[in-house]
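As structure tokens, the structure follows; a few thoughts come after it.
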Amino acid sequence: MLKIYFELNGEPMYVEIKPGEMLLDLLRRLGMKSVKEGCRTGECGACTVLLDGKPVRSCLTFAAKIKGHRVTTLEGLGSPANPHPLQEAFLETGAVQCGFCTPGMILVAYDLLSRNPDPTPEEVREAITGNLCRCTGYVKIVEAVLLAAKRRREGVWR
Amino acid sequence: MGIKRFHYARDVEEALSLLAAYEGRGALLAGGVDLARGLAPEVEGLIDVTTAGLAGISADGGGLRVGATTTLEAIRRSQEAQGYLGGFLAKVMGHVATLPLRNMATLGGAVVSAHPWADIPTALVALGAEAVWQNEELTEKASVEELYRRPFRAIFRRALLTEVRFPAWDGAFAFEKVARNAGDIALINCACGLGLDGEGKIAWARVAIGATPHRAKRLTAVEDFLTDEAPSEELWAEAAHKMKTEVEVGDDMRASAEWRRSAAAAIVRRALDRAAKGVTGDA
Amino acid sequence: MKVVGKNVRKVDGIALVTGQPVFTLDVTPPGAVVGKILRSPHAHAEIVRIDTSKAEELPGVLCILHHGNVPRTPYTTAGQGWPEPSPYDSFLFDRKVRFVGDRVAAVAATSEEIADEALRLIEVEYRQLPAVLVPEEAIGPGAPVIHDEEESRGIHDPQHNVAAAIDIRVGDIERGFTESDVVVETTCEFPYVQHVPLESHCVVAYLDEEDRLVIRSATQVPFHVRRIVARALGVPLSRIRVIKPRIGGGFGTKQEIILEDVAAALALRTRRPVVMKYSRAEEFVAARTRHPMKIRIKLGAKRDGTIHAIEMDVLSNTGAYGTHSLTVLSNVGSKTLPLYNKAPHLWFHGKAVYTNLPVAGAYRGYGATQGYFALEVAVDELAEKLGMDPLKLRLANHIRAGETSPIFEKIGEGRAGKAQVVKSCALEECIREGAKRIGWKEKHGKKTSEGRWVHGVGMALSMQGSGITDIDMAAATIVMNEDGSFRLLVGATDLGTGSDTILAQIAAETLGVAVEAISVYSSDTDFTPFDTGAYASSTTYVSGGAVLRAAQEARRRILEVAAAILGEPPESLDLEEGHAVSRGTGKKVPLSEVGHRAMYVTDQRHIIATASFVAPESPPPFAAFFAEVAVDVETGVVRVVKFVAAADCGMPINPALAEGQLEGAIVQGIGHTLYEELLFSPRGRVRNPNLFDYRIPTAADVPDIEVVLIPSDEPTGPYGAKSIGEIGINGPAPAIANAIYDAIGVRLYRIPFTPERVLKALHGKSMG
């Protein structure tokens with residue numbers, strides 16, 4: 001076993017992990033159930049989390065690697081009582097069908113808008129290309145991200 | 001059974017000592033994308049080399065030096081890479097996988113994994129990039145093209161790739177790829193480069209083709225054919241035609257040799273055309 | 001309408017966008033153990049010996065199941081109504097394996113690692129049997145018999161590997177072709193494709209405090225799970241409770257009982273909660289696929305373009321088991337042939353054939369998708385031969401409101417159907433609107449080139465159904481709370497489609513309240529009334545019909561109480577904005593007062609209403625699809641530039657959700673049209689059971705998609721609604737095929753249209 005310190009959604013964590021444990025399993029074990037297992041080969045994106053603000057696949061990231069780093073899951077963005085503007089935008093535009101891809105999708109969108117506050121539809125599509133959705137055809141997801149970007153520019157953002 | 005220990009290597013020497021100590025039961029870990037997908041059952045110890053201070057990109061004359069653990073996305077976004085050959089290398093990175101995977105995968109990993117279908121080896125072979133590696137005794141270097149002619153998998157069982165050096169080129173490169181959809185690996189890819197002499201004739205040409213489905217190779221016969229000729233649509237068509245007889249293609253479940261031969265000709269022609277326009281500033 | 005027809009937010013949306021633990025595996029009971037399945041390495045083999053002793057000795061292994069220690073009851077894994085139209089040809093574990101990936105044994109262990117190790121330690125000796133991987137060979141002479149077991153029932157002709165067959169004739173087909181001025185004949189092929197829900201099959205099974213078996217499952221059919229598990233395990237139905245939490249997509253593959261039976265058996269044997277999930281590889285190999293088909297179609301038409309005779313000859317590959325074999329086969333004809341109802345002469349015939357390949361099952365579109373690919377490519381060819389604009393040919397022949405087709409009566413769900421007159425149809429408007437948006441007039445037949453990219457446009461029509469006539473039944477219960485809010489209990493299964501939301505909208509509209517006043521609880525066999533489940537495009541129409549009737553009854557009871565309060569007759573009252581309001585006097589009383597009075601004050605009663613609804617018919621939604629493609633003539637790469645779908649789903653209850661169904665279905669359809677396909681080794685192993693080599697569309701692959709809902713008013717549907725869940729997937733393959741033809745003059749008859757196939761066809765053309 002290995003003990004590591006890291007920051008999870010802004011809170012310090014000190015946990016014991018198995019040396020071969022994957023970040024996906026660690027996060028779900030810690031109750032971060034928004035992190036989904038869809039393929040375990042890095043293709044689908046359902047397990048995407050932000051590592052030091054950058055989207056990565058938690059299914060291919062060894063948990064030991066996050067020692068001393070910052071991890072953000074969807075739980076860190078908003079809650080039912082206090083949803084993030086991106087989460088609101090996904091709700092409003094009908095960008096959620098089954099919702100299984102949604103956590104990863106919102107996190108890559110969050111990363112995009114942090115880097116590019118005024119993306120074109122093409123830039124949104126390119127940014128979320130690594131996150132598969134089988135329900136929506138992506139049309140309303142792209143709309144949601146553009147709507148959130150607009151609100152962000154208008155100052156409704158945390 | 002399974003991973004028993006995880007090490008954070010502080011430098012290359014520590015990584016190599018640990019690797020040696022495991023006697024085949026240890027593995028160097030960088031981005032982890034390939035390693036985690038296909039972890040060998042005998043591996044007991046993981047040695048993280050991303051903590052060894054190898055990441056970084058720097059301009060080197062007209063060339064570029066990229067530390068082995070630099071992520072593909074970091075290269076794509078770096079000023080230095082964007083300044084190298086009109087951003088050619090940075091653009092190639094944009095063809096590779098998808099953003100979250102590029103945030104993890106490293107250049108060193110791509111060179112060492114050397115998937116036959118991968119895009120990076122094709123670009124590196126065309127560019128004449130040089131790989132630098134260390135084992136417990138010494139530091140070695142060779143062009144990536146040369147490296148792939150050697151038993152490189154055996155080499156990297158006891159060595160660590162530390163850096164890739166990209167030479168300066170007076171000219172331009174272009175990359176082309178056909179894939180099934182966005183984020184896919186190549187069904188065929190190529191990277192072509194051209195430089196012109198004072199009279200507007202081709203001073204040098206580099207043509208590499210990959211995912212044939214074999215690992216990237218240069219087509220020197222095509223390069224020679226192009227050299228000293230004047231760029232033209234007709235020349236590209238002739239070169240593409242010549243390439244059809246030179247290129248070694250094969251079947252796999254993704255595409256047939258026959259299709260690869262046709263598609264290779266098409267993308268080589270396009271890449272040459274784009275490279276030529278890059279040289280003349282038309283692109 | 002206050003609520004119906006509005007884009008209200010999904011009632012489960014906030015939980016989903018904030019990542020709450022609402023999916024099957026997000027909550028696991030303490031002490032849960034892991035179940036795993038050992039799968040066959042052979043396509044066809046007999047299990048001669050199975051030795052589990054080494055595996056059982058491994059610490060942490062609790063139980064191993066195999067054919068030697070479980071009941072041998074034939075059943076079907078198809079979650080369909082009873083009596084089941086699919087053959088009983090499956091067993092919990094069998095002495096024989098019939099495809100690479102078939103079940104051999106299952107292990108329950110205290111950890112995943114131990115379960116994996118236990119699987120490795122099970123010794124199985126196989127006697128390999130000749131395998132047959134090609135449907136034509138499976139029904140040929142001397143083919144190995146895949147289902148030679150005595151216990152199976154309902155197989156059409158087991159000796160010849162025919163799971164199901166159909167032969168329907170209307171009029172006189174020979175005469176029909178003789179009388180036709182123009183005849184075209186073509187054969188289209190649909191390969192193995194998979195649903196790829198982001199969440200793979202998963203289940204948690206445990207015994208509750210009363211020793212009843214609880215199955216929490218990602219299923220589209222909780223009530224069928226209960227019935228089928230009861231049969232397979234010999235457990236009384238009353239001892240089983242099935243709960244469906246939020247599920248991560250289904251598209252038909254979760255209409256199958258392929259994990260619940262094993263998990264339940266392990267839970268009963270170990271008396272521990274058992275968690276099971278399919279890996280992505282298992283999902284590709286051992287879940288379900290669309291039925292691969294070869295469809296030969298022959299069309300005859302009069303010179304004026306009236307389609308006069310249609311023959312469809314189907315060879316469907318059901319894989320190793322016959323789940324949905326008959327009904328998918330039936331649907332190839334029953335959902336397509338009525339579209340061109342002017343033809344008096346029809347012959348629809350075909351077989352669903354066993355092979356030693358993965359098992360096909362229900363997949364969105366359900367045979368119609370395969371049928372429309374063939375039909376709409378053939379109609380395009382017919383138009384060309386007639387020298388007609390394919391759009392005009394379709395306009396001249398498609399069914400209209402007030403019309404019928406003999407097919408409705410001839411083909412039902414595994415039995416004869418029921419005559420039906422189409423009561424609502426806006427297909428003509430769909431065609432005209434879609435044509436306008438794609439620029440049909442300007443673009444069709446005038447291929448334009450942009451360098452190596454050659455553009456073309458193509459179109460296709462489609463209809464589907466709304467539920468299964470006289471079979472699909474749903475029930476709903478409305479419970480009023482004393483504060484004037486309601487609980488809506490439905491057996492209907494929201495698999496991400498938003499059905500909980502639209503059912504709440506139907507209830508809210510009827511009860512004169514906002515959607516927020518309705519709490520929906522769905523899909524729990526102990527606490528919600530029956531519903532056949534989420535399949536056959538049934539939920540809006542059938543479950544919605546039940547909700548409407550339950551809400552109407554609740555409304556009647558509310559008005560009785562309100563009438564007593566207001567001193568006016570109930571007939572003079574309406575429910576509006578949370579009040580009962582008199583139309584005459586304008587006097588009103590809030591529902592909270594009605595609720596309090598009913599529950600606590602006078603003549604106490606709980607206002608609860610339950611209603612059932614059986615689909616009296618299956619009103620078809622209609623759609624017109626238009627694709628613009630660009631073909632790279634040097635590499636064969638096809639790019640969909642624009643895709644337009646104009647659809648008539650009756651009155652959309654929630655337009656945004658209806659659009660979402662279309663958009664999602666279209667993109668899935670683009671996937672199977674351009675790249676999705678399971679590939680097999682010569683020994684029947686899936687070569688690409690992963691998302692690395694089985695590509696599904698990404699956001700960057702999606703063209704400019706325009707969907708338009710053209711409303712019609714379906715008199716038998718709740719607030720005029722029909723279905724929308726499946727129809728969208730029928731359009732892309734034929735519309736894109738026809739667009740490719742328009743661009744490059746080459747017809748492609750086999751999807752996916754890979755660069756390889758396109759280039760080959762192009763070269764074939766230039767050589768020929």
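The way I read the labels, and the way they are meant: chains A, B, ... in the order of the structure tokens, residue 1 as the first residue of every chain, and ligand 1 as the first ligand shown, with later ones counted on from there.
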Contact residues around Ile209 in chain B with only C-alpha atoms at 6 Å, ignoring same-chain residues under 5 positions, as a list of chain:residue names: B:Asn189, B:Cys190, B:Ala216, B:Lys217
Proximal residues of chain B relative to chain A (only C-alpha atoms; 9 Å) as a PyMOL selection string: chain B and resi 2-8+31-37+44-46+48+97-104+182-183
Per residue of chain A within 8 Å of chain C, what are the shortest atom pair and its distance in Å to one decimal, counting only C-alpha atoms, with rows by chain and residue number, as CSV?
residue,atom,partner,partner_atom,distance
A:Lys33,CA,C:Pro21,CA,5.5
A:Ser34,CA,C:Gly19,CA,4.3
A:Val35,CA,C:Gly19,CA,7.9
A:Glu37,CA,C:Glu199,CA,7.5
A:Gly38,CA,C:Leu198,CA,5.5
A:Cys39,CA,C:Arg280,CA,5.1
A:Arg40,CA,C:Arg280,CA,7.7
A:Glu43,CA,C:Leu691,CA,6.0
A:Cys44,CA,C:Leu691,CA,7.3
A:Ala46,CA,C:Leu198,CA,7.6
A:Leu74,CA,C:Gly19,CA,6.3
A:Glu75,CA,C:Thr18,CA,6.5
A:Leu77,CA,C:Thr18,CA,8.0
A:Gly78,CA,C:Thr18,CA,6.3
A:Ser79,CA,C:Thr18,CA,5.5
A:Pro80,CA,C:Ile14,CA,5.8
A:Pro83,CA,C:Thr18,CA,7.0
A:Gln87,CA,C:Val17,CA,5.5
A:Glu88,CA,C:Val17,CA,7.9
A:Phe90,CA,C:Val17,CA,7.1
A:Leu91,CA,C:Gly13,CA,6.1
A:Glu92,CA,C:Arg9,CA,6.3
A:Thr93,CA,C:Ala656,CA,7.7
A:Gly94,CA,C:Ala656,CA,6.2
A:Val96,CA,C:Gly13,CA,7.1
A:Gln97,CA,C:Gly496,CA,4.6
A:Cys98,CA,C:Gly496,CA,3.4
A:Gly99,CA,C:Leu16,CA,5.3
A:Phe100,CA,C:Gly248,CA,5.1
A:Cys101,CA,C:Leu198,CA,7.0
A:Thr102,CA,C:Val17,CA,6.3
A:Pro103,CA,C:Gly19,CA,6.1
A:Glu122,CA,C:Ala700,CA,7.6
A:Arg125,CA,C:Ala699,CA,5.1
A:Glu126,CA,C:Ala700,CA,5.7
A:Ile128,CA,C:Ala699,CA,6.4
A:Thr129,CA,C:Ala699,CA,5.1
A:Gly130,CA,C:Thr698,CA,7.2
A:Asn131,CA,C:Thr698,CA,7.3
A:Leu132,CA,C:Thr698,CA,5.8
A:Cys133,CA,C:Leu198,CA,7.1
A:Arg134,CA,C:Pro197,CA,6.3
A:Cys135,CA,C:Gly664,CA,4.9
A:Thr136,CA,C:Gly664,CA,4.2
A:Gly137,CA,C:Gly664,CA,4.0
A:Tyr138,CA,C:Ala699,CA,5.8
A:Val139,CA,C:Glu663,CA,7.0
A:Lys140,CA,C:Gly660,CA,7.5
Residues within 8 Å of His324 in chain C, only C-alpha atoms, excluding chain neighbours under 5 positions, as a list in words: Ala78, Pro85, Ser86, Ala360, Gly361 and Ala362 of chain C
Once you count only C-alpha atoms, what closest atom pair and distance in Å to one decimal does each residue of chain C within 6 Å of chain B have, with rows by chain and rising residue number, as a tab-separated table?
residue	atom	partner	partner_atom	distance
C:Glu634	CA	B:Ala266	CA	5.9
C:Thr635	CA	B:Ala263	CA	4.9
C:Glu756	CA	B:Trp259	CA	5.7
Straight-line distance linking CA of Thr51 in chain B with CA of Glu14 in chain B, stated in Å to one decimal: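 About the pair CA of Thr51 in chain B and CA of Glu14 in chain B: they are 10.8 Å apart.
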Which of range 158-370 of chain C DSSP labels strand (DSSP E or B), written as a VMD selection string: chain C and resid 162 to 170 182 to 190 194 202 to 207 213 to 217 240 to 243 246 256 274 to 277 289 293 to 301 307 to 319 345 to 354 360
Between CA of Ala507 in chain C and CA of Ser582 in chain C, distance in Å (one decimal): 20.7 Å
DSSP-assigned helix (DSSP H, G or I) members of range 5-147 of chain A, reported as an NGL selection string: :A and (23-29 or 63-66 or 74-76 or 85-93 or 102-115 or 121-127 or 139-147)
Exercise: Trp204 in chain B partners within 7 Å, only C-alpha atoms, chain neighbours under 4 positions left out, as a list in words: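 In the requested form, the answer reads Leu194, Gly195 and Thr227 of chain B.
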Exercise: range 125-134 of chain B partners within 10 Å, only C-alpha atoms, chain neighbours under 5 positions left out, as an NGL selection string: :B and (12-13 or 16 or 63-68 or 89 or 108 or 111-112 or 120 or 139-148 or 155-156 or 158-169 or 173-175 or 190-193 or 205-210 or 215-219)
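The coordinates place CA of Met473 in chain C at 18.9 Å from CA of Ile243 in chain C.
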Distance query His398 in chain C at most 9 Å, only C-alpha atoms, self and fewer than 6 positions along chain excluded, as a PyMOL selection string: chain C and resi 338-342+427-428+461
Contacts of Glu7 in chain A within 7 Å, only C-alpha atoms, excl. fewer than 5 positions in-chain, as a PyMOL selection string: chain A and resi 12-13+69-71
